[in-house]
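The structure appears right after this line, and notes come after that.
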Amino acid sequence: IWRLISLVGMLLYSLFIRVPRPVDYVLVQNPPAIPLLFISCLYCRILGLIMPENRPKLIIDWHNLGYSMLSKGLIQKLAEKYERTMAPWANGHLCVTAAMKQFLRNNMKIDDGKIRILYDCPPDMFKPLAMQKQHEFLLRIQQSLPCKWSKGLKPNQTIFTEKVDGKTLPRQNRPALVTSSTSWTEDEDFGILLDALISLDNRIEKLGLVVCVTGKGPMKEFYEEKISKLRLQHISIHTLWLEPGDYPQLLACADLGVSLHTSTSGLDLPMKILDLFGCQTPVCAHDFECIQELVQDKVNGRLFSSSEELSNQLHDLLNPLTGYVRTPEAHSFGELAKFSENLIDRPRWSENWKMHALPMFET
């Protein structure tokens, strides 16, 4: 309770004392809804009484439903009532999916004309990486990936790349590189990926996989212990914590990403997939209500609902890597090449904002 009181005090001080006037718009991201929606609405109304001709407009940027992230019970019901009460007081709404727009219209009684869909886009740092840059990055992180493919490497080689006659090329007979970013919570069931990899290891012979899992969270140590007890023959699993500038490079080097995210509301999309798409790296994503607004099955990735489905998809997408005379570059073989090509020229944040959000601030 004291944390909430101090947050209310800080917000009131910041808005009424620190923010210069006049203010045209107040843009609030939701969640968090408590107490931000109420304080922001109060601020706009009080300034409207003081300066009727310059009353600020309140815009809510919906990334999820705040109450959906709480445990079921009385508190969640009160939070839902609060959110539904505050939402109609805003002058405009941005939301990250068409499903979210429909929910706001049907369940919160918000006029359709006040809602605009603003899909998230990856920052500019998430982009494809030239082979030479991939080689330099993989050299730097090589010590973090001990496995059978890292033994006996020459100075001009990484697990995945090598320099030949001054050219940087994919290393012959390299393993596939798969990445997954997780919060290590119950919301993202890492056990699905782990079970899929165990099953896959029993099915492959020539194919090898290096799986890099990034992120921090409460269940990380639990799964690290399980991983340490596995005796996989063809798959090597590594948990990494990367510097912010290194994470986009890892995604660009990967053949495939795996997303285990399932939305608490079923109305938002995982940013980690957008990061992969910015690097033109296809994804296998856990299926849920609105994920097809981002991942189109067999177009830019695959959708799975079980470890068995994921295991089959990993096998079908990655196994063609073993059939080439000269090993191909990351995500440039089999169906992955088609999926990656379909990710070219996706909109970036700046142009997306100008097209879909800016008009709301010009009215």
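Identifiers in the structure tokens: chain A, B, ... in order shown; residue index from 1 per chain; ligand index from 1 in order shown.
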
| request: Within 12 Å of region 129-145 of chain A, counting only C-alpha atoms, which residues show up once you throw out same-chain ones fewer than 3 positions away? Write them as a ChimeraX atom specification, please. | output: /A:125-126,148-151,153-164,166-171,177,209-213,235-243,245-254,278-281,328-331

Residues of region 121-177 of chain A classed as alpha helix (DSSP H) by DSSP on the backbone are to be reported as a short mmCIF file (atom, residue, chain, number, x, y, z; two decimals) with N, CA, C and O atoms, in the first residue's frame.
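Generated output (states.cif):
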data_model
loop_
_atom_site.label_atom_id
_atom_site.label_comp_id
_atom_site.auth_asym_id
_atom_site.auth_seq_id
_atom_site.Cartn_x
_atom_site.Cartn_y
_atom_site.Cartn_z
N MET A 131 27.93 -11.60 -43.41
CA MET A 131 28.69 -12.75 -42.93
C MET A 131 29.91 -12.35 -42.11
O MET A 131 30.23 -12.98 -41.10
N GLN A 132 30.63 -11.33 -42.55
CA GLN A 132 31.81 -10.91 -41.82
C GLN A 132 31.45 -10.44 -40.41
O GLN A 132 32.14 -10.77 -39.43
N LYS A 133 30.35 -9.69 -40.28
CA LYS A 133 29.90 -9.23 -38.97
C LYS A 133 29.43 -10.42 -38.11
O LYS A 133 29.66 -10.44 -36.90
N GLN A 134 28.77 -11.39 -38.74
CA GLN A 134 28.38 -12.59 -38.01
C GLN A 134 29.61 -13.30 -37.46
O GLN A 134 29.62 -13.74 -36.30
N HIS A 135 30.63 -13.43 -38.30
CA HIS A 135 31.86 -14.11 -37.91
C HIS A 135 32.51 -13.42 -36.71
O HIS A 135 32.92 -14.07 -35.74
N GLU A 136 32.59 -12.10 -36.76
CA GLU A 136 33.21 -11.33 -35.67
C GLU A 136 32.43 -11.51 -34.37
O GLU A 136 33.01 -11.67 -33.29
N PHE A 137 31.10 -11.48 -34.47
CA PHE A 137 30.28 -11.65 -33.27
C PHE A 137 30.42 -13.06 -32.70
O PHE A 137 30.59 -13.25 -31.49
N LEU A 138 30.36 -14.06 -33.57
CA LEU A 138 30.44 -15.45 -33.11
C LEU A 138 31.81 -15.76 -32.50
O LEU A 138 31.91 -16.58 -31.58
N LEU A 139 32.86 -15.11 -32.98
CA LEU A 139 34.18 -15.26 -32.36
C LEU A 139 34.16 -14.75 -30.92
O LEU A 139 34.76 -15.36 -30.03
N ARG A 140 33.44 -13.66 -30.69
CA ARG A 140 33.41 -13.04 -29.36
C ARG A 140 32.67 -13.90 -28.34
O ARG A 140 33.03 -13.93 -27.16
N ILE A 141 31.62 -14.60 -28.78
CA ILE A 141 30.81 -15.35 -27.82
C ILE A 141 31.16 -16.85 -27.82
O ILE A 141 30.52 -17.63 -27.13
#

| query | What is the CA of Ile34 (chain A)-CA of Ala79 (chain A) distance in Å, reported with one decimal? | reply | 7.9 Å

| field | Residue list (strand (DSSP E), DSSP) for region 71-171 of chain A, as a ChimeraX atom specification | value | /A:92-95,115-117,161-164,167-170

| What is the CA of Asn319 (chain A)-CA of Leu207 (chain A) distance in Å, reported with one decimal? |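 Interatomic distance, CA of Asn319 (chain A) to CA of Leu207 (chain A): 6.1 Å.
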
Would you list the contacts of Pro122 (chain A) as a PDB file with N, CA, C and O atoms, in the first residue's frame, taking every protein, DNA or RNA residue within 10 Å and counting only C-alpha atoms, but skipping same-chain residues closer than 3 positions in sequence?
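To be explicit, this is the file written out as out38.pdb:
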ATOM      1  N   MET A 125      18.008  -1.513 -34.624  1.00  0.00           N
ATOM      2  CA  MET A 125      19.165  -2.364 -34.320  1.00  0.00           C
ATOM      3  C   MET A 125      18.920  -3.823 -34.706  1.00  0.00           C
ATOM      4  O   MET A 125      19.861  -4.592 -34.852  1.00  0.00           O
ATOM      5  N   PHE A 126      17.658  -4.195 -34.886  1.00  0.00           N
ATOM      6  CA  PHE A 126      17.339  -5.563 -35.295  1.00  0.00           C
ATOM      7  C   PHE A 126      17.264  -5.606 -36.816  1.00  0.00           C
ATOM      8  O   PHE A 126      16.282  -5.176 -37.417  1.00  0.00           O
ATOM      9  N   LYS A 127      18.329  -6.105 -37.418  1.00  0.00           N
ATOM     10  CA  LYS A 127      18.454  -6.109 -38.874  1.00  0.00           C
ATOM     11  C   LYS A 127      19.366  -7.258 -39.299  1.00  0.00           C
ATOM     12  O   LYS A 127      20.122  -7.795 -38.486  1.00  0.00           O
ATOM     13  N   MET A 271       6.943  -9.188 -28.412  1.00  0.00           N
ATOM     14  CA  MET A 271       7.950  -8.330 -29.041  1.00  0.00           C
ATOM     15  C   MET A 271       9.139  -9.141 -29.526  1.00  0.00           C
ATOM     16  O   MET A 271       9.796  -8.783 -30.512  1.00  0.00           O
ATOM     17  N   LYS A 272       9.436 -10.254 -28.872  1.00  0.00           N
ATOM     18  CA  LYS A 272      10.601 -11.069 -29.240  1.00  0.00           C
ATOM     19  C   LYS A 272      10.469 -11.602 -30.665  1.00  0.00           C
ATOM     20  O   LYS A 272      11.474 -11.779 -31.355  1.00  0.00           O
ATOM     21  N   ILE A 273       9.231 -11.841 -31.129  1.00  0.00           N
ATOM     22  CA  ILE A 273       9.044 -12.289 -32.512  1.00  0.00           C
ATOM     23  C   ILE A 273       9.328 -11.149 -33.475  1.00  0.00           C
ATOM     24  O   ILE A 273       9.957 -11.337 -34.523  1.00  0.00           O
ATOM     25  N   LEU A 274       8.896  -9.960 -33.122  1.00  0.00           N
ATOM     26  CA  LEU A 274       9.172  -8.793 -33.970  1.00  0.00           C
ATOM     27  C   LEU A 274      10.672  -8.550 -34.086  1.00  0.00           C
ATOM     28  O   LEU A 274      11.171  -8.173 -35.150  1.00  0.00           O
ATOM     29  N   ASP A 275      11.407  -8.765 -32.990  1.00  0.00           N
ATOM     30  CA  ASP A 275      12.867  -8.621 -33.041  1.00  0.00           C
ATOM     31  C   ASP A 275      13.468  -9.608 -34.036  1.00  0.00           C
ATOM     32  O   ASP A 275      14.350  -9.255 -34.829  1.00  0.00           O
ATOM     33  N   LEU A 276      13.005 -10.860 -33.994  1.00  0.00           N
ATOM     34  CA  LEU A 276      13.476 -11.869 -34.949  1.00  0.00           C
ATOM     35  C   LEU A 276      13.127 -11.473 -36.377  1.00  0.00           C
ATOM     36  O   LEU A 276      13.961 -11.564 -37.290  1.00  0.00           O
ATOM     37  N   PHE A 277      11.906 -11.014 -36.578  1.00  0.00           N
ATOM     38  CA  PHE A 277      11.469 -10.628 -37.917  1.00  0.00           C
ATOM     39  C   PHE A 277      12.274  -9.439 -38.445  1.00  0.00           C
ATOM     40  O   PHE A 277      12.497  -9.324 -39.647  1.00  0.00           O
ATOM     41  N   GLY A 278      12.695  -8.546 -37.546  1.00  0.00           N
ATOM     42  CA  GLY A 278      13.536  -7.439 -37.978  1.00  0.00           C
ATOM     43  C   GLY A 278      14.857  -7.916 -38.556  1.00  0.00           C
ATOM     44  O   GLY A 278      15.430  -7.284 -39.444  1.00  0.00           O
ATOM     45  N   CYS A 279      15.338  -9.061 -38.062  1.00  0.00           N
ATOM     46  CA  CYS A 279      16.574  -9.675 -38.565  1.00  0.00           C
ATOM     47  C   CYS A 279      16.293 -10.631 -39.715  1.00  0.00           C
ATOM     48  O   CYS A 279      17.207 -11.333 -40.179  1.00  0.00           O
ATOM     49  N   ARG A 346       9.555  -5.376 -44.123  1.00  0.00           N
ATOM     50  CA  ARG A 346       8.526  -5.118 -43.122  1.00  0.00           C
ATOM     51  C   ARG A 346       8.662  -3.682 -42.621  1.00  0.00           C
ATOM     52  O   ARG A 346       9.773  -3.140 -42.551  1.00  0.00           O
ATOM     53  N   PRO A 347       7.567  -3.018 -42.251  1.00  0.00           N
ATOM     54  CA  PRO A 347       7.661  -1.622 -41.796  1.00  0.00           C
ATOM     55  C   PRO A 347       8.468  -1.489 -40.510  1.00  0.00           C
ATOM     56  O   PRO A 347       8.461  -2.389 -39.670  1.00  0.00           O
ATOM     57  N   ARG A 348       9.165  -0.382 -40.396  1.00  0.00           N
ATOM     58  CA  ARG A 348       9.928  -0.069 -39.190  1.00  0.00           C
ATOM     59  C   ARG A 348       9.142   0.922 -38.340  1.00  0.00           C
ATOM     60  O   ARG A 348       8.125   1.485 -38.754  1.00  0.00           O
ATOM     61  N   TRP A 349       9.654   1.169 -37.128  1.00  0.00           N
ATOM     62  CA  TRP A 349       8.868   1.899 -36.147  1.00  0.00           C
ATOM     63  C   TRP A 349       8.514   3.313 -36.601  1.00  0.00           C
ATOM     64  O   TRP A 349       7.367   3.754 -36.488  1.00  0.00           O
TER      65      TRP A 349
END

Who sits within 12 Å of Leu230 (chain A), only C-alpha atoms, same chain under 2 positions skipped, as an mmCIF file with all heavy atoms, in the first residue's frame:
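And here is the file that came out, part-v1.cif:
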data_model
loop_
_atom_site.group_PDB
_atom_site.id
_atom_site.type_symbol
_atom_site.label_atom_id
_atom_site.label_comp_id
_atom_site.auth_asym_id
_atom_site.auth_seq_id
_atom_site.Cartn_x
_atom_site.Cartn_y
_atom_site.Cartn_z
ATOM 1 N N LEU A 194 12.020 -27.906 -24.258
ATOM 2 C CA LEU A 194 12.925 -28.940 -23.771
ATOM 3 C C LEU A 194 12.454 -30.331 -24.208
ATOM 4 O O LEU A 194 13.249 -31.148 -24.701
ATOM 5 C CB LEU A 194 13.024 -28.863 -22.246
ATOM 6 C CG LEU A 194 14.279 -29.465 -21.603
ATOM 7 C CD1 LEU A 194 15.528 -28.841 -22.166
ATOM 8 C CD2 LEU A 194 14.229 -29.295 -20.095
ATOM 9 N N ASP A 195 11.180 -30.605 -24.064
ATOM 10 C CA ASP A 195 10.641 -31.902 -24.492
ATOM 11 C C ASP A 195 10.778 -32.083 -25.998
ATOM 12 O O ASP A 195 11.058 -33.196 -26.480
ATOM 13 C CB ASP A 195 9.166 -32.017 -24.090
ATOM 14 C CG ASP A 195 8.974 -32.153 -22.582
ATOM 15 O OD1 ASP A 195 9.967 -32.460 -21.888
ATOM 16 O OD2 ASP A 195 7.849 -31.929 -22.103
ATOM 17 N N LEU A 197 13.116 -30.822 -27.920
ATOM 18 C CA LEU A 197 14.523 -31.072 -28.247
ATOM 19 C C LEU A 197 14.925 -32.501 -27.884
ATOM 20 O O LEU A 197 15.701 -33.145 -28.606
ATOM 21 C CB LEU A 197 15.412 -30.064 -27.518
ATOM 22 C CG LEU A 197 15.259 -28.609 -27.969
ATOM 23 C CD1 LEU A 197 16.080 -27.681 -27.081
ATOM 24 C CD2 LEU A 197 15.654 -28.438 -29.432
ATOM 25 N N ILE A 198 14.429 -33.011 -26.761
ATOM 26 C CA ILE A 198 14.722 -34.399 -26.370
ATOM 27 C C ILE A 198 14.179 -35.368 -27.414
ATOM 28 O O ILE A 198 14.862 -36.311 -27.836
ATOM 29 C CB ILE A 198 14.130 -34.696 -24.977
ATOM 30 C CG1 ILE A 198 14.846 -33.863 -23.914
ATOM 31 C CG2 ILE A 198 14.244 -36.176 -24.651
ATOM 32 C CD1 ILE A 198 14.176 -33.916 -22.545
ATOM 33 N N SER A 199 12.966 -35.114 -27.868
ATOM 34 C CA SER A 199 12.363 -35.957 -28.895
ATOM 35 C C SER A 199 13.142 -35.856 -30.204
ATOM 36 O O SER A 199 13.392 -36.863 -30.873
ATOM 37 C CB SER A 199 10.903 -35.558 -29.107
ATOM 38 O OG SER A 199 10.336 -36.225 -30.206
ATOM 39 N N ASP A 201 16.268 -35.100 -30.667
ATOM 40 C CA ASP A 201 17.597 -35.699 -30.565
ATOM 41 C C ASP A 201 17.570 -37.187 -30.903
ATOM 42 O O ASP A 201 18.552 -37.742 -31.419
ATOM 43 C CB ASP A 201 18.154 -35.496 -29.154
ATOM 44 C CG ASP A 201 19.616 -35.869 -29.050
ATOM 45 O OD1 ASP A 201 20.450 -35.178 -29.679
ATOM 46 O OD2 ASP A 201 19.927 -36.861 -28.355
ATOM 47 N N TYR A 223 15.425 -25.066 -14.657
ATOM 48 C CA TYR A 223 15.607 -25.677 -15.969
ATOM 49 C C TYR A 223 17.081 -25.903 -16.291
ATOM 50 O O TYR A 223 17.417 -26.863 -17.001
ATOM 51 C CB TYR A 223 14.935 -24.833 -17.050
ATOM 52 C CG TYR A 223 13.445 -25.076 -17.130
ATOM 53 C CD1 TYR A 223 12.531 -24.114 -16.722
ATOM 54 C CD2 TYR A 223 12.956 -26.293 -17.604
ATOM 55 C CE1 TYR A 223 11.163 -24.355 -16.793
ATOM 56 C CE2 TYR A 223 11.599 -26.537 -17.677
ATOM 57 C CZ TYR A 223 10.705 -25.570 -17.273
ATOM 58 O OH TYR A 223 9.356 -25.824 -17.344
ATOM 59 N N GLU A 224 17.960 -25.050 -15.795
ATOM 60 C CA GLU A 224 19.387 -25.284 -16.011
ATOM 61 C C GLU A 224 19.827 -26.605 -15.382
ATOM 62 O O GLU A 224 20.656 -27.329 -15.950
ATOM 63 C CB GLU A 224 20.209 -24.124 -15.443
ATOM 64 C CG GLU A 224 20.192 -22.887 -16.318
ATOM 65 C CD GLU A 224 21.044 -21.770 -15.769
ATOM 66 O OE1 GLU A 224 21.113 -21.630 -14.523
ATOM 67 O OE2 GLU A 224 21.637 -21.020 -16.579
ATOM 68 N N GLU A 225 19.260 -26.917 -14.225
ATOM 69 C CA GLU A 225 19.584 -28.195 -13.583
ATOM 70 C C GLU A 225 19.074 -29.361 -14.431
ATOM 71 O O GLU A 225 19.768 -30.372 -14.588
ATOM 72 C CB GLU A 225 18.973 -28.251 -12.184
ATOM 73 C CG GLU A 225 19.343 -29.519 -11.415
ATOM 74 C CD GLU A 225 18.776 -29.534 -10.011
ATOM 75 O OE1 GLU A 225 18.171 -28.535 -9.597
ATOM 76 O OE2 GLU A 225 18.952 -30.567 -9.324
ATOM 77 N N LYS A 226 17.873 -29.229 -14.984
ATOM 78 C CA LYS A 226 17.335 -30.283 -15.843
ATOM 79 C C LYS A 226 18.196 -30.451 -17.097
ATOM 80 O O LYS A 226 18.466 -31.584 -17.539
ATOM 81 C CB LYS A 226 15.888 -29.966 -16.241
ATOM 82 C CG LYS A 226 14.885 -30.006 -15.098
ATOM 83 C CD LYS A 226 13.464 -29.895 -15.594
ATOM 84 C CE LYS A 226 13.025 -31.131 -16.350
ATOM 85 N NZ LYS A 226 11.572 -31.126 -16.652
ATOM 86 N N ILE A 227 18.625 -29.341 -17.670
ATOM 87 C CA ILE A 227 19.451 -29.388 -18.881
ATOM 88 C C ILE A 227 20.784 -30.081 -18.601
ATOM 89 O O ILE A 227 21.276 -30.877 -19.414
ATOM 90 C CB ILE A 227 19.679 -27.963 -19.430
ATOM 91 C CG1 ILE A 227 18.366 -27.385 -19.969
ATOM 92 C CG2 ILE A 227 20.743 -27.963 -20.533
ATOM 93 C CD1 ILE A 227 18.428 -25.902 -20.286
ATOM 94 N N SER A 228 21.364 -29.792 -17.435
ATOM 95 C CA SER A 228 22.671 -30.365 -17.090
ATOM 96 C C SER A 228 22.624 -31.888 -16.967
ATOM 97 O O SER A 228 23.649 -32.561 -17.100
ATOM 98 C CB SER A 228 23.184 -29.756 -15.783
ATOM 99 O OG SER A 228 22.383 -30.168 -14.679
ATOM 100 N N LEU A 232 22.175 -35.464 -24.394
ATOM 101 C CA LEU A 232 21.798 -35.341 -25.799
ATOM 102 C C LEU A 232 23.013 -35.577 -26.690
ATOM 103 O O LEU A 232 24.120 -35.108 -26.389
ATOM 104 C CB LEU A 232 21.200 -33.965 -26.067
ATOM 105 C CG LEU A 232 19.966 -33.573 -25.223
ATOM 106 C CD1 LEU A 232 19.528 -32.160 -25.546
ATOM 107 C CD2 LEU A 232 18.828 -34.563 -25.442
ATOM 108 N N GLN A 233 22.803 -36.269 -27.796
ATOM 109 C CA GLN A 233 23.909 -36.620 -28.697
ATOM 110 C C GLN A 233 24.125 -35.588 -29.796
ATOM 111 O O GLN A 233 25.264 -35.367 -30.225
ATOM 112 C CB GLN A 233 23.621 -37.987 -29.338
ATOM 113 C CG GLN A 233 23.505 -39.123 -28.342
ATOM 114 C CD GLN A 233 24.789 -39.324 -27.563
ATOM 115 O OE1 GLN A 233 25.886 -39.395 -28.139
ATOM 116 N NE2 GLN A 233 24.666 -39.419 -26.244
ATOM 117 N N HIS A 234 23.058 -34.964 -30.251
ATOM 118 C CA HIS A 234 23.148 -34.101 -31.433
ATOM 119 C C HIS A 234 22.750 -32.655 -31.148
ATOM 120 O O HIS A 234 22.738 -31.832 -32.060
ATOM 121 C CB HIS A 234 22.249 -34.657 -32.546
ATOM 122 C CG HIS A 234 22.477 -36.111 -32.828
ATOM 123 N ND1 HIS A 234 23.595 -36.571 -33.485
ATOM 124 C CD2 HIS A 234 21.730 -37.201 -32.526
ATOM 125 C CE1 HIS A 234 23.538 -37.888 -33.588
ATOM 126 N NE2 HIS A 234 22.415 -38.298 -33.014
ATOM 127 N N ILE A 235 22.392 -32.365 -29.910
ATOM 128 C CA ILE A 235 21.894 -31.032 -29.553
ATOM 129 C C ILE A 235 22.636 -30.515 -28.331
ATOM 130 O O ILE A 235 22.835 -31.245 -27.353
ATOM 131 C CB ILE A 235 20.378 -31.075 -29.265
ATOM 132 C CG1 ILE A 235 19.618 -31.544 -30.503
ATOM 133 C CG2 ILE A 235 19.868 -29.706 -28.821
ATOM 134 C CD1 ILE A 235 18.127 -31.730 -30.288
ATOM 135 N N SER A 236 23.046 -29.252 -28.399
ATOM 136 C CA SER A 236 23.731 -28.596 -27.281
ATOM 137 C C SER A 236 22.919 -27.362 -26.882
ATOM 138 O O SER A 236 22.637 -26.498 -27.722
ATOM 139 C CB SER A 236 25.155 -28.199 -27.699
ATOM 140 O OG SER A 236 25.832 -27.561 -26.650
ATOM 141 N N ILE A 237 22.515 -27.286 -25.608
ATOM 142 C CA ILE A 237 21.661 -26.204 -25.120
ATOM 143 C C ILE A 237 22.471 -25.291 -24.208
ATOM 144 O O ILE A 237 23.161 -25.758 -23.294
ATOM 145 C CB ILE A 237 20.446 -26.759 -24.352
ATOM 146 C CG1 ILE A 237 19.686 -27.779 -25.206
ATOM 147 C CG2 ILE A 237 19.504 -25.626 -23.933
ATOM 148 C CD1 ILE A 237 18.577 -28.495 -24.456
#

| task | Choose the residue, out of A:Ser332, A:Ser180, A:Gln102, A:Asn352, that has the smallest atom-to-atom separation from Pro128 (chain A); count only C-alpha atoms. | result |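 For Pro128 (chain A), the nearest of the candidates is A:Ser332.
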
| field | Residue contacts of Trp184 (chain A) (9 Å, only C-alpha atoms) excluding same-chain residues fewer than 2 positions away, as a count of residues only | value | 14

| Nearest to Leu318 (chain A) among A:Val96, A:Leu37, A:Ala337, A:Leu269, with distances taken over only C-alpha atoms: which residue is it? | A:Ala337

| field | Residues within 12 Å of Asn107 (chain A), only C-alpha atoms, excluding chain neighbours under 4 positions, as a ChimeraX atom specification | value | /A:65,80-81,83-85,87-88,99-103,111-112

| message | as a count of residues only, please: the residues near Thr264 (chain A) (cut-off 12 Å, only C-alpha atoms, same-chain neighbours under 5 positions excluded). | response | 18
